[in-house]
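Some notes on the structure that comes next.
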Amino acid sequence: MADTRKPAEAGPARHSHGAPSASFPTHNSPRTWFLTSSLSPLCIRLIRLLLAHGDYVVACLPPAEIENDDRSAEFRELINECKSNRKDREGWKDRIRGIRCDGRVMGQSGAAIAEAVQVFGRIDILLCCKFEAVIGTVEELSTTPRTRNLVRDQFETIFFSQVNFIKAALPQFRAQHTGHIIILTSIGGHIGTPGMSIYTAATWALEGYCDSLAYEIAPFNIKVTVVQPNKEIQSLTNKIVFAPQLPYYDSDVNPAPSVREIYGNMLNANPETAIDHLVGAEERPDDIQYRYPKLPAAAYDKLVMETVHALTAIGGHENPPARHIVGFDGAIAVKEKLKTVTEELEDFVEASVAVDIFDSELKKEARQGGENREGGGGEQGRYMSEDVQIGMM
């Protein structure tokens, strides 16, 4: 199919604030983006920037979300803009394609990829961005069949649905001998959070899958990037599901940080999204609550635009990073986690090397690293740890 797409033209984003302007990799022709889920405030703002830049967008619309009037309102507003006669929206309606698709069904994922190729001729960037957060401790998610099903639902949403899109897109990318798969997760892929164990598990599963996938498809010139913003950016722009609470994990008696309380208080600030804090697993074990957070447009801009700009800068880049952490706070948190891992490895180095049958230079170096941290060479050991952290990031 001949590429009849127009050259890329820069254009303004709909909302303006203090964030830096979006940047795009240099390329000779527009790119086609395929978004596996397109109704979040983050994805709406990304689509606007892509269309203003002259790119093409295939927007997958999960049926349960597009049928929710509140959830889909901003996307419908965007489509109306695309159809308008505004000069700065000229050509937008011809460069966006919405497809109802439930990624949990492999056949629907494959059909959506095929439709995208039929309409626009190719796919350059597959953005895996489906997300929802299940809030509940391991025990709270084990009380009834309904709460146990939340575990499966979390994996279906975050892991299996995105794997289906990746598998469906790989033959097209191989045929093109080019492509870029971007996985939008969060720093939950590095750091566990009390009360979000199943979300963390599903995120780690997807990231581990893609770490291995990257090696398999590199010979076909297909790139993989994991983008990790703070957890709040994904959680506050997508569905949050609350399992009934057990009294042992109430913040009054349990000192662990309470994600339930943090998100619950935020939702309760808006009467339309308020939740019942008194719901307990002992009294109403099947009373599962879910909400789509509602924030003012300006608040969403401030929350998500840093991540949106990271995606536009990385998507389609000739040499993209394997992993990108968005934001200073997230980078510091991950560095601290890596520092802890490195220090624990050095503290227990004797236990690690004791199982090695043969002596080697690497074994001696490992022992020396542990001694440097404990003795006079502590500074050297500390700097070695920091070098390892930077290399891993």
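Within each chain, counting starts at residue 1; across the structure tokens, chains are named A, B, ... in the order shown, with ligands numbered 1 upward in that order.
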
Range 31-39 of chain A surroundings by only C-alpha atoms, 8 Å radius, close-in-sequence under 3 positions cut, as a PDB file with N, CA and C atoms, in the first residue's frame:
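Contents of the output file result-v9.pdb:
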ATOM      1  N   CYS A  43      -3.819   9.558  27.598  1.00  0.00           N
ATOM      2  CA  CYS A  43      -3.850   9.178  26.186  1.00  0.00           C
ATOM      3  C   CYS A  43      -4.546  10.236  25.335  1.00  0.00           C
ATOM      4  N   ILE A  44      -5.583  10.885  25.853  1.00  0.00           N
ATOM      5  CA  ILE A  44      -6.261  11.949  25.106  1.00  0.00           C
ATOM      6  C   ILE A  44      -5.267  13.068  24.789  1.00  0.00           C
ATOM      7  N   ASP A  55       1.151  13.101  12.859  1.00  0.00           N
ATOM      8  CA  ASP A  55       1.186  11.644  12.915  1.00  0.00           C
ATOM      9  C   ASP A  55      -0.213  11.054  12.783  1.00  0.00           C
ATOM     10  N   TYR A  56      -0.242   9.729  12.633  1.00  0.00           N
ATOM     11  CA  TYR A  56      -1.490   8.977  12.509  1.00  0.00           C
ATOM     12  C   TYR A  56      -1.707   8.184  13.790  1.00  0.00           C
ATOM     13  N   VAL A  57      -2.971   8.023  14.188  1.00  0.00           N
ATOM     14  CA  VAL A  57      -3.281   7.372  15.459  1.00  0.00           C
ATOM     15  C   VAL A  57      -4.378   6.339  15.273  1.00  0.00           C
ATOM     16  N   VAL A  58      -4.108   5.136  15.730  1.00  0.00           N
ATOM     17  CA  VAL A  58      -5.138   4.109  15.863  1.00  0.00           C
ATOM     18  C   VAL A  58      -5.450   4.005  17.348  1.00  0.00           C
ATOM     19  N   ALA A  59      -6.688   4.312  17.710  1.00  0.00           N
ATOM     20  CA  ALA A  59      -7.095   4.398  19.112  1.00  0.00           C
ATOM     21  C   ALA A  59      -8.013   3.233  19.449  1.00  0.00           C
ATOM     22  N   CYS A  60      -7.515   2.278  20.244  1.00  0.00           N
ATOM     23  CA  CYS A  60      -8.361   1.169  20.674  1.00  0.00           C
ATOM     24  C   CYS A  60      -9.262   1.628  21.816  1.00  0.00           C
ATOM     25  N   LEU A  61     -10.523   1.221  21.726  1.00  0.00           N
ATOM     26  CA  LEU A  61     -11.545   1.681  22.680  1.00  0.00           C
ATOM     27  C   LEU A  61     -12.143   0.456  23.378  1.00  0.00           C
ATOM     28  N   PRO A  62     -11.711   0.158  24.614  1.00  0.00           N
ATOM     29  CA  PRO A  62     -12.287  -0.972  25.345  1.00  0.00           C
ATOM     30  C   PRO A  62     -13.798  -0.795  25.481  1.00  0.00           C
ATOM     31  N   GLU A  65     -15.401   0.687  28.633  1.00  0.00           N
ATOM     32  CA  GLU A  65     -15.061   2.083  28.904  1.00  0.00           C
ATOM     33  C   GLU A  65     -15.750   3.035  27.930  1.00  0.00           C
ATOM     34  N   ILE A  66     -15.818   2.685  26.657  1.00  0.00           N
ATOM     35  CA  ILE A  66     -16.434   3.600  25.684  1.00  0.00           C
ATOM     36  C   ILE A  66     -17.928   3.715  25.935  1.00  0.00           C
ATOM     37  N   ARG A  71     -16.503   8.241  31.383  1.00  0.00           N
ATOM     38  CA  ARG A  71     -15.152   7.844  30.986  1.00  0.00           C
ATOM     39  C   ARG A  71     -14.842   8.261  29.547  1.00  0.00           C
ATOM     40  N   SER A  72     -15.798   8.180  28.669  1.00  0.00           N
ATOM     41  CA  SER A  72     -15.547   8.428  27.244  1.00  0.00           C
ATOM     42  C   SER A  72     -15.814   9.867  26.823  1.00  0.00           C
ATOM     43  N   GLU A  74     -14.364  12.802  27.271  1.00  0.00           N
ATOM     44  CA  GLU A  74     -13.259  13.599  26.736  1.00  0.00           C
ATOM     45  C   GLU A  74     -12.821  13.092  25.361  1.00  0.00           C
ATOM     46  N   PHE A  75     -12.881  11.780  25.155  1.00  0.00           N
ATOM     47  CA  PHE A  75     -12.528  11.243  23.844  1.00  0.00           C
ATOM     48  C   PHE A  75     -13.553  11.669  22.801  1.00  0.00           C
ATOM     49  N   GLY A 103      -8.824  -6.079  24.402  1.00  0.00           N
ATOM     50  CA  GLY A 103      -7.528  -6.729  24.234  1.00  0.00           C
ATOM     51  C   GLY A 103      -7.413  -8.066  24.922  1.00  0.00           C
ATOM     52  N   ALA A 116      -5.749  -1.598  11.377  1.00  0.00           N
ATOM     53  CA  ALA A 116      -4.822  -0.467  11.375  1.00  0.00           C
ATOM     54  C   ALA A 116      -3.918  -0.494  10.143  1.00  0.00           C
ATOM     55  N   PHE A 120      -3.978   2.497   7.354  1.00  0.00           N
ATOM     56  CA  PHE A 120      -2.836   3.410   7.283  1.00  0.00           C
ATOM     57  C   PHE A 120      -1.581   2.809   6.655  1.00  0.00           C
ATOM     58  N   ARG A 122       0.692   0.751   7.667  1.00  0.00           N
ATOM     59  CA  ARG A 122       1.745   0.247   8.526  1.00  0.00           C
ATOM     60  C   ARG A 122       1.472   0.668   9.970  1.00  0.00           C
ATOM     61  N   ILE A 123       2.248   0.114  10.879  1.00  0.00           N
ATOM     62  CA  ILE A 123       2.263   0.549  12.279  1.00  0.00           C
ATOM     63  C   ILE A 123       3.725   0.794  12.634  1.00  0.00           C
ATOM     64  N   ASP A 124       4.026   1.959  13.162  1.00  0.00           N
ATOM     65  CA  ASP A 124       5.395   2.270  13.551  1.00  0.00           C
ATOM     66  C   ASP A 124       5.633   2.105  15.046  1.00  0.00           C
ATOM     67  N   ILE A 125       4.638   2.487  15.849  1.00  0.00           N
ATOM     68  CA  ILE A 125       4.801   2.459  17.300  1.00  0.00           C
ATOM     69  C   ILE A 125       3.573   1.801  17.926  1.00  0.00           C
ATOM     70  N   LEU A 126       3.796   0.755  18.673  1.00  0.00           N
ATOM     71  CA  LEU A 126       2.738   0.110  19.450  1.00  0.00           C
ATOM     72  C   LEU A 126       2.894   0.570  20.891  1.00  0.00           C
ATOM     73  N   LEU A 127       1.930   1.342  21.378  1.00  0.00           N
ATOM     74  CA  LEU A 127       1.966   1.830  22.760  1.00  0.00           C
ATOM     75  C   LEU A 127       1.020   0.987  23.605  1.00  0.00           C
ATOM     76  N   CYS A 128       1.571   0.149  24.466  1.00  0.00           N
ATOM     77  CA  CYS A 128       0.780  -0.687  25.367  1.00  0.00           C
ATOM     78  C   CYS A 128       0.495   0.128  26.629  1.00  0.00           C
ATOM     79  N   CYS A 129      -0.746   0.567  26.788  1.00  0.00           N
ATOM     80  CA  CYS A 129      -1.043   1.550  27.840  1.00  0.00           C
ATOM     81  C   CYS A 129      -2.331   1.239  28.595  1.00  0.00           C
ATOM     82  N   LYS A 130      -2.783  -0.006  28.570  1.00  0.00           N
ATOM     83  CA  LYS A 130      -3.973  -0.378  29.325  1.00  0.00           C
ATOM     84  C   LYS A 130      -3.629  -0.534  30.791  1.00  0.00           C
ATOM     85  N   GLN A 162      -2.140  -6.944  26.968  1.00  0.00           N
ATOM     86  CA  GLN A 162      -1.043  -6.292  26.255  1.00  0.00           C
ATOM     87  C   GLN A 162      -0.171  -7.298  25.521  1.00  0.00           C
ATOM     88  N   PHE A 165      -1.789  -7.940  22.165  1.00  0.00           N
ATOM     89  CA  PHE A 165      -1.490  -6.925  21.152  1.00  0.00           C
ATOM     90  C   PHE A 165      -0.060  -7.071  20.628  1.00  0.00           C
ATOM     91  N   GLY A 316       9.412   6.044  18.297  1.00  0.00           N
ATOM     92  CA  GLY A 316       9.976   6.064  16.954  1.00  0.00           C
ATOM     93  C   GLY A 316      11.420   6.515  16.892  1.00  0.00           C
TER      94      GLY A 316
END

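When DSSP reads the backbone of this structure, the residues of range 117-209 of chain A it assigns to strand (DSSP E or B) are Ile125, Leu126, Leu127, Cys128, Glu132, Ala133, Val134, Ile135, Gly136, Gly179, His180, Ile181, Ile182, Ile183, Leu184 and Met196 of chain A.
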
Near-range 217-224 of chain A list (6 Å; only C-alpha atoms; drop same-chain fewer than 4 positions) as a VMD selection string | chain A and resid 174 177 to 182

Residues just named, written with all heavy atoms as a PDB file, in the first residue's frame:
ATOM      1  N   ARG A 174       7.943  -7.436  11.828  1.00  0.00           N
ATOM      2  CA  ARG A 174       8.985  -8.214  11.136  1.00  0.00           C
ATOM      3  C   ARG A 174       8.934  -7.982   9.642  1.00  0.00           C
ATOM      4  O   ARG A 174       9.971  -7.847   8.974  1.00  0.00           O
ATOM      5  CB  ARG A 174       8.817  -9.706  11.439  1.00  0.00           C
ATOM      6  CG  ARG A 174       9.405 -10.129  12.769  1.00  0.00           C
ATOM      7  CD  ARG A 174       9.516 -11.642  12.898  1.00  0.00           C
ATOM      8  NE  ARG A 174       8.222 -12.313  12.824  1.00  0.00           N
ATOM      9  CZ  ARG A 174       7.733 -12.907  11.758  1.00  0.00           C
ATOM     10  NH1 ARG A 174       8.404 -12.896  10.610  1.00  0.00           N
ATOM     11  NH2 ARG A 174       6.547 -13.510  11.808  1.00  0.00           N
ATOM     12  N   HIS A 177      10.443  -4.818   8.915  1.00  0.00           N
ATOM     13  CA  HIS A 177      11.816  -4.792   9.429  1.00  0.00           C
ATOM     14  C   HIS A 177      12.065  -3.513  10.239  1.00  0.00           C
ATOM     15  O   HIS A 177      13.157  -2.965  10.241  1.00  0.00           O
ATOM     16  CB  HIS A 177      12.859  -4.938   8.319  1.00  0.00           C
ATOM     17  CG  HIS A 177      14.195  -5.394   8.844  1.00  0.00           C
ATOM     18  ND1 HIS A 177      14.394  -6.670   9.318  1.00  0.00           N
ATOM     19  CD2 HIS A 177      15.381  -4.740   8.988  1.00  0.00           C
ATOM     20  CE1 HIS A 177      15.647  -6.783   9.728  1.00  0.00           C
ATOM     21  NE2 HIS A 177      16.277  -5.629   9.537  1.00  0.00           N
ATOM     22  N   THR A 178      11.046  -3.071  10.906  1.00  0.00           N
ATOM     23  CA  THR A 178      11.172  -1.925  11.808  1.00  0.00           C
ATOM     24  C   THR A 178       9.925  -1.840  12.670  1.00  0.00           C
ATOM     25  O   THR A 178       8.853  -2.313  12.286  1.00  0.00           O
ATOM     26  CB  THR A 178      11.366  -0.608  11.029  1.00  0.00           C
ATOM     27  OG1 THR A 178      11.605   0.458  11.962  1.00  0.00           O
ATOM     28  CG2 THR A 178      10.125  -0.259  10.220  1.00  0.00           C
ATOM     29  N   GLY A 179      10.054  -1.224  13.824  1.00  0.00           N
ATOM     30  CA  GLY A 179       8.923  -1.046  14.729  1.00  0.00           C
ATOM     31  C   GLY A 179       9.425  -0.726  16.120  1.00  0.00           C
ATOM     32  O   GLY A 179      10.588  -0.980  16.463  1.00  0.00           O
ATOM     33  N   HIS A 180       8.551  -0.148  16.921  1.00  0.00           N
ATOM     34  CA  HIS A 180       8.920   0.241  18.278  1.00  0.00           C
ATOM     35  C   HIS A 180       7.754  -0.095  19.198  1.00  0.00           C
ATOM     36  O   HIS A 180       6.640   0.396  19.007  1.00  0.00           O
ATOM     37  CB  HIS A 180       9.223   1.756  18.326  1.00  0.00           C
ATOM     38  CG  HIS A 180       9.816   2.204  19.613  1.00  0.00           C
ATOM     39  ND1 HIS A 180      10.059   3.538  19.902  1.00  0.00           N
ATOM     40  CD2 HIS A 180      10.220   1.508  20.729  1.00  0.00           C
ATOM     41  CE1 HIS A 180      10.604   3.628  21.105  1.00  0.00           C
ATOM     42  NE2 HIS A 180      10.696   2.428  21.628  1.00  0.00           N
ATOM     43  N   ILE A 181       8.013  -0.943  20.178  1.00  0.00           N
ATOM     44  CA  ILE A 181       7.016  -1.313  21.176  1.00  0.00           C
ATOM     45  C   ILE A 181       7.335  -0.534  22.452  1.00  0.00           C
ATOM     46  O   ILE A 181       8.439  -0.649  22.992  1.00  0.00           O
ATOM     47  CB  ILE A 181       7.041  -2.822  21.464  1.00  0.00           C
ATOM     48  CG1 ILE A 181       6.731  -3.610  20.181  1.00  0.00           C
ATOM     49  CG2 ILE A 181       6.041  -3.177  22.567  1.00  0.00           C
ATOM     50  CD1 ILE A 181       6.945  -5.113  20.316  1.00  0.00           C
ATOM     51  N   ILE A 182       6.373   0.277  22.912  1.00  0.00           N
ATOM     52  CA  ILE A 182       6.539   1.028  24.153  1.00  0.00           C
ATOM     53  C   ILE A 182       5.553   0.486  25.177  1.00  0.00           C
ATOM     54  O   ILE A 182       4.357   0.367  24.895  1.00  0.00           O
ATOM     55  CB  ILE A 182       6.286   2.536  23.947  1.00  0.00           C
ATOM     56  CG1 ILE A 182       7.243   3.107  22.902  1.00  0.00           C
ATOM     57  CG2 ILE A 182       6.456   3.288  25.268  1.00  0.00           C
ATOM     58  CD1 ILE A 182       7.028   4.593  22.629  1.00  0.00           C
TER      59      ILE A 182
END

Counting only C-alpha atoms, figure out which residue out of A:His53, A:Arg148, A:Lys167, A:Arg76 gets nearest to Ile198 in chain A.
->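 Of the candidates, the smallest distance to Ile198 in chain A is held by A:Arg148.
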
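Here CA of Ser40 in chain A and CA of Leu303 in chain A stand 12.3 Å from one another.
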
Please, which residues of range 98-271 of chain A, numbered as in this document, come out alpha helix (DSSP H) from DSSP, as a PyMOL selection string?
-> chain A and resi 106-120+145-155+161-176+197-217+231-235+259-268

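Considering the residues A:Ala214, A:Pro320, A:Asn268, A:Gly327 and counting only C-alpha atoms, Lys231 in chain A has its shortest atom-to-atom contact with A:Gly327.
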
Find, counting only C-alpha atoms, the residue in A:Asp329, A:Asp252, A:Asp287, A:Glu232 that gets nearest to Tyr300 in chain A.
->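 Using only C-alpha atoms, the shortest distance to Tyr300 in chain A belongs to A:Glu232.
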
Quick one: residues within 12 Å of Ile187 in chain A, only C-alpha atoms, excluding same-chain residues fewer than 4 positions away - as a short mmCIF file (atom, residue, chain, number, x, y, z; two decimals) with all heavy atoms, in the first residue's frame?
data_model
loop_
_atom_site.label_atom_id
_atom_site.label_comp_id
_atom_site.auth_asym_id
_atom_site.auth_seq_id
_atom_site.Cartn_x
_atom_site.Cartn_y
_atom_site.Cartn_z
N ILE A 191 9.44 -1.21 42.30
CA ILE A 191 9.25 -1.06 43.73
C ILE A 191 7.87 -1.55 44.13
O ILE A 191 6.86 -1.09 43.59
CB ILE A 191 9.42 0.41 44.15
CG1 ILE A 191 10.79 0.94 43.72
CG2 ILE A 191 9.22 0.58 45.66
CD1 ILE A 191 10.94 2.43 43.86
N GLY A 192 7.81 -2.49 45.07
CA GLY A 192 6.52 -2.97 45.56
C GLY A 192 5.84 -1.95 46.45
O GLY A 192 6.48 -1.10 47.07
N THR A 193 4.51 -2.02 46.50
CA THR A 193 3.71 -1.08 47.30
C THR A 193 2.72 -1.85 48.15
O THR A 193 1.95 -2.66 47.62
CB THR A 193 2.94 -0.11 46.38
OG1 THR A 193 3.86 0.60 45.55
CG2 THR A 193 2.13 0.88 47.21
N TYR A 199 -1.32 -5.66 41.57
CA TYR A 199 -0.93 -4.70 40.54
C TYR A 199 0.58 -4.78 40.29
O TYR A 199 1.03 -4.82 39.14
CB TYR A 199 -1.32 -3.29 40.96
CG TYR A 199 -0.41 -2.22 40.41
CD1 TYR A 199 -0.54 -1.79 39.10
CD2 TYR A 199 0.59 -1.68 41.20
CE1 TYR A 199 0.33 -0.84 38.58
CE2 TYR A 199 1.45 -0.73 40.70
CZ TYR A 199 1.32 -0.32 39.38
OH TYR A 199 2.18 0.62 38.88
N THR A 200 1.36 -4.82 41.38
CA THR A 200 2.81 -4.90 41.24
C THR A 200 3.22 -6.18 40.53
O THR A 200 4.08 -6.17 39.64
CB THR A 200 3.48 -4.83 42.62
OG1 THR A 200 3.09 -3.62 43.28
CG2 THR A 200 5.00 -4.85 42.51
N THR A 203 2.49 -5.95 36.81
CA THR A 203 3.41 -5.02 36.17
C THR A 203 4.78 -5.64 36.00
O THR A 203 5.41 -5.55 34.93
CB THR A 203 3.52 -3.72 37.00
OG1 THR A 203 2.22 -3.14 37.13
CG2 THR A 203 4.44 -2.72 36.32
N TRP A 204 5.28 -6.30 37.04
CA TRP A 204 6.58 -6.97 36.94
C TRP A 204 6.53 -8.07 35.89
O TRP A 204 7.50 -8.28 35.16
CB TRP A 204 6.98 -7.56 38.29
CG TRP A 204 7.41 -6.54 39.30
CD1 TRP A 204 7.02 -5.23 39.38
CD2 TRP A 204 8.31 -6.73 40.39
NE1 TRP A 204 7.61 -4.61 40.44
CE2 TRP A 204 8.41 -5.50 41.09
CE3 TRP A 204 9.04 -7.83 40.86
CZ2 TRP A 204 9.21 -5.35 42.22
CZ3 TRP A 204 9.83 -7.67 42.01
CH2 TRP A 204 9.92 -6.45 42.66
N GLU A 207 6.81 -6.41 32.45
CA GLU A 207 8.15 -5.88 32.21
C GLU A 207 9.16 -7.01 32.00
O GLU A 207 10.06 -6.91 31.16
CB GLU A 207 8.58 -4.97 33.36
CG GLU A 207 7.77 -3.69 33.40
CD GLU A 207 8.41 -2.62 34.27
OE1 GLU A 207 9.56 -2.83 34.72
OE2 GLU A 207 7.78 -1.57 34.49
N VAL A 226 10.45 0.33 27.98
CA VAL A 226 9.54 0.39 29.12
C VAL A 226 9.61 1.80 29.69
O VAL A 226 10.69 2.29 30.03
CB VAL A 226 9.93 -0.64 30.20
CG1 VAL A 226 9.06 -0.47 31.44
CG2 VAL A 226 9.81 -2.06 29.65
N VAL A 227 8.47 2.48 29.77
CA VAL A 227 8.40 3.84 30.32
C VAL A 227 7.69 3.77 31.67
O VAL A 227 6.57 3.27 31.77
CB VAL A 227 7.64 4.79 29.36
CG1 VAL A 227 7.49 6.17 29.99
CG2 VAL A 227 8.39 4.89 28.03
N GLN A 228 8.37 4.30 32.70
CA GLN A 228 7.87 4.18 34.06
C GLN A 228 7.65 5.56 34.71
O GLN A 228 8.60 6.14 35.24
CB GLN A 228 8.85 3.39 34.92
CG GLN A 228 9.06 1.95 34.48
CD GLN A 228 10.11 1.26 35.35
OE1 GLN A 228 11.16 1.82 35.62
NE2 GLN A 228 9.82 0.06 35.77
N PRO A 229 6.44 6.08 34.68
CA PRO A 229 6.14 7.27 35.50
C PRO A 229 5.81 6.84 36.92
O PRO A 229 5.79 5.64 37.24
CB PRO A 229 4.91 7.85 34.80
CG PRO A 229 4.23 6.65 34.21
CD PRO A 229 5.32 5.68 33.83
N ASN A 230 5.54 7.81 37.79
CA ASN A 230 5.10 7.49 39.14
C ASN A 230 3.76 6.75 39.10
O ASN A 230 2.96 6.93 38.18
CB ASN A 230 4.94 8.76 39.97
CG ASN A 230 6.27 9.35 40.38
OD1 ASN A 230 7.25 8.61 40.56
ND2 ASN A 230 6.33 10.65 40.52
N LYS A 231 3.52 5.93 40.11
CA LYS A 231 2.28 5.14 40.15
C LYS A 231 1.04 6.02 40.11
O LYS A 231 0.02 5.65 39.54
CB LYS A 231 2.26 4.26 41.41
CG LYS A 231 3.19 3.08 41.38
CD LYS A 231 2.95 2.15 42.55
CE LYS A 231 3.40 2.76 43.85
NZ LYS A 231 4.86 2.91 43.96
N GLU A 232 1.11 7.19 40.75
CA GLU A 232 -0.06 8.04 40.83
C GLU A 232 -0.53 8.49 39.45
O GLU A 232 -1.72 8.71 39.23
CB GLU A 232 0.26 9.28 41.69
CG GLU A 232 0.48 8.98 43.15
CD GLU A 232 1.87 8.41 43.44
OE1 GLU A 232 2.73 8.46 42.54
OE2 GLU A 232 2.07 7.92 44.56
N ILE A 233 0.38 8.64 38.51
CA ILE A 233 0.03 9.13 37.19
C ILE A 233 -0.90 8.14 36.49
O ILE A 233 -1.89 8.51 35.87
CB ILE A 233 1.30 9.41 36.36
CG1 ILE A 233 2.02 10.62 36.96
CG2 ILE A 233 0.97 9.64 34.89
CD1 ILE A 233 3.38 10.88 36.38
N GLN A 234 -0.59 6.86 36.59
CA GLN A 234 -1.45 5.84 36.01
C GLN A 234 -2.71 5.62 36.85
O GLN A 234 -3.81 5.50 36.32
CB GLN A 234 -0.67 4.53 35.86
CG GLN A 234 0.37 4.55 34.75
CD GLN A 234 -0.24 4.29 33.40
OE1 GLN A 234 -1.12 5.04 32.94
NE2 GLN A 234 0.21 3.24 32.73
N SER A 235 -2.55 5.57 38.16
CA SER A 235 -3.69 5.26 39.03
C SER A 235 -4.76 6.34 38.96
O SER A 235 -5.96 6.03 38.93
CB SER A 235 -3.22 5.11 40.48
OG SER A 235 -2.28 4.07 40.61
N ARG A 323 14.72 1.38 28.95
CA ARG A 323 13.87 1.70 30.10
C ARG A 323 14.03 3.19 30.40
O ARG A 323 15.15 3.70 30.42
CB ARG A 323 14.27 0.87 31.31
CG ARG A 323 13.33 0.93 32.49
CD ARG A 323 13.82 0.01 33.60
NE ARG A 323 13.84 -1.37 33.17
CZ ARG A 323 12.84 -2.23 33.34
NH1 ARG A 323 11.74 -1.84 33.93
NH2 ARG A 323 12.93 -3.46 32.92
N HIS A 324 12.92 3.86 30.60
CA HIS A 324 12.97 5.29 30.91
C HIS A 324 12.08 5.58 32.09
O HIS A 324 10.89 5.26 32.09
CB HIS A 324 12.51 6.12 29.70
CG HIS A 324 12.51 7.59 29.97
ND1 HIS A 324 13.67 8.33 30.05
CD2 HIS A 324 11.49 8.46 30.19
CE1 HIS A 324 13.36 9.61 30.31
NE2 HIS A 324 12.05 9.71 30.40
N ILE A 325 12.66 6.17 33.14
CA ILE A 325 11.91 6.55 34.33
C ILE A 325 11.56 8.02 34.20
O ILE A 325 12.43 8.86 34.00
CB ILE A 325 12.72 6.29 35.61
CG1 ILE A 325 13.04 4.80 35.72
CG2 ILE A 325 11.96 6.76 36.84
CD1 ILE A 325 14.05 4.46 36.79
N VAL A 326 10.28 8.34 34.30
CA VAL A 326 9.81 9.71 34.11
C VAL A 326 9.78 10.41 35.46
O VAL A 326 9.13 9.94 36.40
CB VAL A 326 8.41 9.73 33.48
CG1 VAL A 326 7.96 11.18 33.25
CG2 VAL A 326 8.39 8.96 32.18
N GLY A 327 10.45 11.54 35.56
CA GLY A 327 10.36 12.35 36.77
C GLY A 327 11.49 12.11 37.75
O GLY A 327 11.99 10.98 37.91
N PHE A 328 11.90 13.17 38.41
CA PHE A 328 13.02 13.12 39.35
C PHE A 328 12.71 12.22 40.54
O PHE A 328 13.54 11.41 40.96
CB PHE A 328 13.34 14.55 39.81
CG PHE A 328 14.44 14.63 40.82
CD1 PHE A 328 15.76 14.56 40.42
CD2 PHE A 328 14.16 14.78 42.17
CE1 PHE A 328 16.80 14.63 41.35
CE2 PHE A 328 15.19 14.86 43.11
CZ PHE A 328 16.50 14.78 42.69
N ASP A 329 11.51 12.35 41.10
CA ASP A 329 11.16 11.58 42.30
C ASP A 329 11.20 10.08 42.02
O ASP A 329 11.70 9.30 42.83
CB ASP A 329 9.76 11.97 42.80
CG ASP A 329 9.72 13.38 43.38
OD1 ASP A 329 10.80 13.91 43.69
OD2 ASP A 329 8.62 13.95 43.48
N GLY A 330 10.68 9.68 40.86
CA GLY A 330 10.70 8.27 40.51
C GLY A 330 12.12 7.75 40.33
O GLY A 330 12.45 6.64 40.77
N ALA A 331 12.96 8.55 39.68
CA ALA A 331 14.35 8.14 39.47
C ALA A 331 15.08 7.96 40.79
O ALA A 331 15.83 7.00 40.99
CB ALA A 331 15.07 9.16 38.59
N ILE A 332 14.86 8.88 41.74
CA ILE A 332 15.50 8.78 43.04
C ILE A 332 15.02 7.53 43.78
O ILE A 332 15.82 6.81 44.40
CB ILE A 332 15.21 10.04 43.88
CG1 ILE A 332 15.93 11.26 43.28
CG2 ILE A 332 15.65 9.84 45.33
CD1 ILE A 332 17.43 11.14 43.23
N ALA A 333 13.71 7.27 43.72
CA ALA A 333 13.16 6.10 44.41
C ALA A 333 13.76 4.81 43.86
O ALA A 333 14.12 3.90 44.62
CB ALA A 333 11.64 6.08 44.27
N VAL A 334 13.88 4.73 42.53
CA VAL A 334 14.45 3.52 41.92
C VAL A 334 15.93 3.40 42.26
O VAL A 334 16.43 2.31 42.54
CB VAL A 334 14.22 3.54 40.40
CG1 VAL A 334 14.98 2.39 39.73
CG2 VAL A 334 12.73 3.42 40.09
N LYS A 335 16.67 4.50 42.26
CA LYS A 335 18.09 4.45 42.62
C LYS A 335 18.27 3.97 44.05
O LYS A 335 19.18 3.18 44.34
CB LYS A 335 18.73 5.83 42.44
CG LYS A 335 18.97 6.23 40.99
CD LYS A 335 19.73 7.53 40.87
CE LYS A 335 21.16 7.38 41.29
NZ LYS A 335 21.95 8.60 41.05
N LYS A 337 16.25 1.98 45.64
CA LYS A 337 15.96 0.53 45.64
C LYS A 337 17.17 -0.24 45.10
O LYS A 337 17.59 -1.26 45.69
CB LYS A 337 14.73 0.26 44.77
CG LYS A 337 14.45 -1.21 44.47
CD LYS A 337 14.08 -1.99 45.73
CE LYS A 337 13.82 -3.46 45.42
NZ LYS A 337 12.58 -3.67 44.65
#

Can you pull out every residue within 10 Å of Tyr263 in chain A, counting only C-alpha atoms, but drop anything in the same chain fewer than 5 positions away, and send it as a PyMOL selection string?
-> chain A and resi 135+232+235-236+240+242+258+268+275+293

Would you export the selected residues with C-alpha atoms as a PDB file, in the first residue's frame, please?
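Okay, this is what ended up in part.pdb:
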ATOM      1  CA  ILE A 135      -6.304  -1.997  45.883  1.00  0.00           C
ATOM      2  CA  GLU A 232      -0.057   8.045  40.831  1.00  0.00           C
ATOM      3  CA  SER A 235      -3.687   5.262  39.034  1.00  0.00           C
ATOM      4  CA  LEU A 236      -5.333   8.690  38.965  1.00  0.00           C
ATOM      5  CA  ILE A 240      -9.249   2.062  40.720  1.00  0.00           C
ATOM      6  CA  PHE A 242     -11.162  -1.472  46.004  1.00  0.00           C
ATOM      7  CA  SER A 258      -2.162   2.800  53.443  1.00  0.00           C
ATOM      8  CA  ASN A 268     -13.806  11.449  48.574  1.00  0.00           C
ATOM      9  CA  ILE A 275     -16.368   5.694  48.298  1.00  0.00           C
ATOM     10  CA  PRO A 293     -11.025   9.513  39.427  1.00  0.00           C
TER      11      PRO A 293
END

Select, from A:Thr225, A:Arg86, A:Arg104, A:Gln176, the residue with the minimum atom-to-atom distance to Arg152 in chain A, counting only C-alpha atoms.
->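 The closest residue to Arg152 in chain A is A:Arg104.
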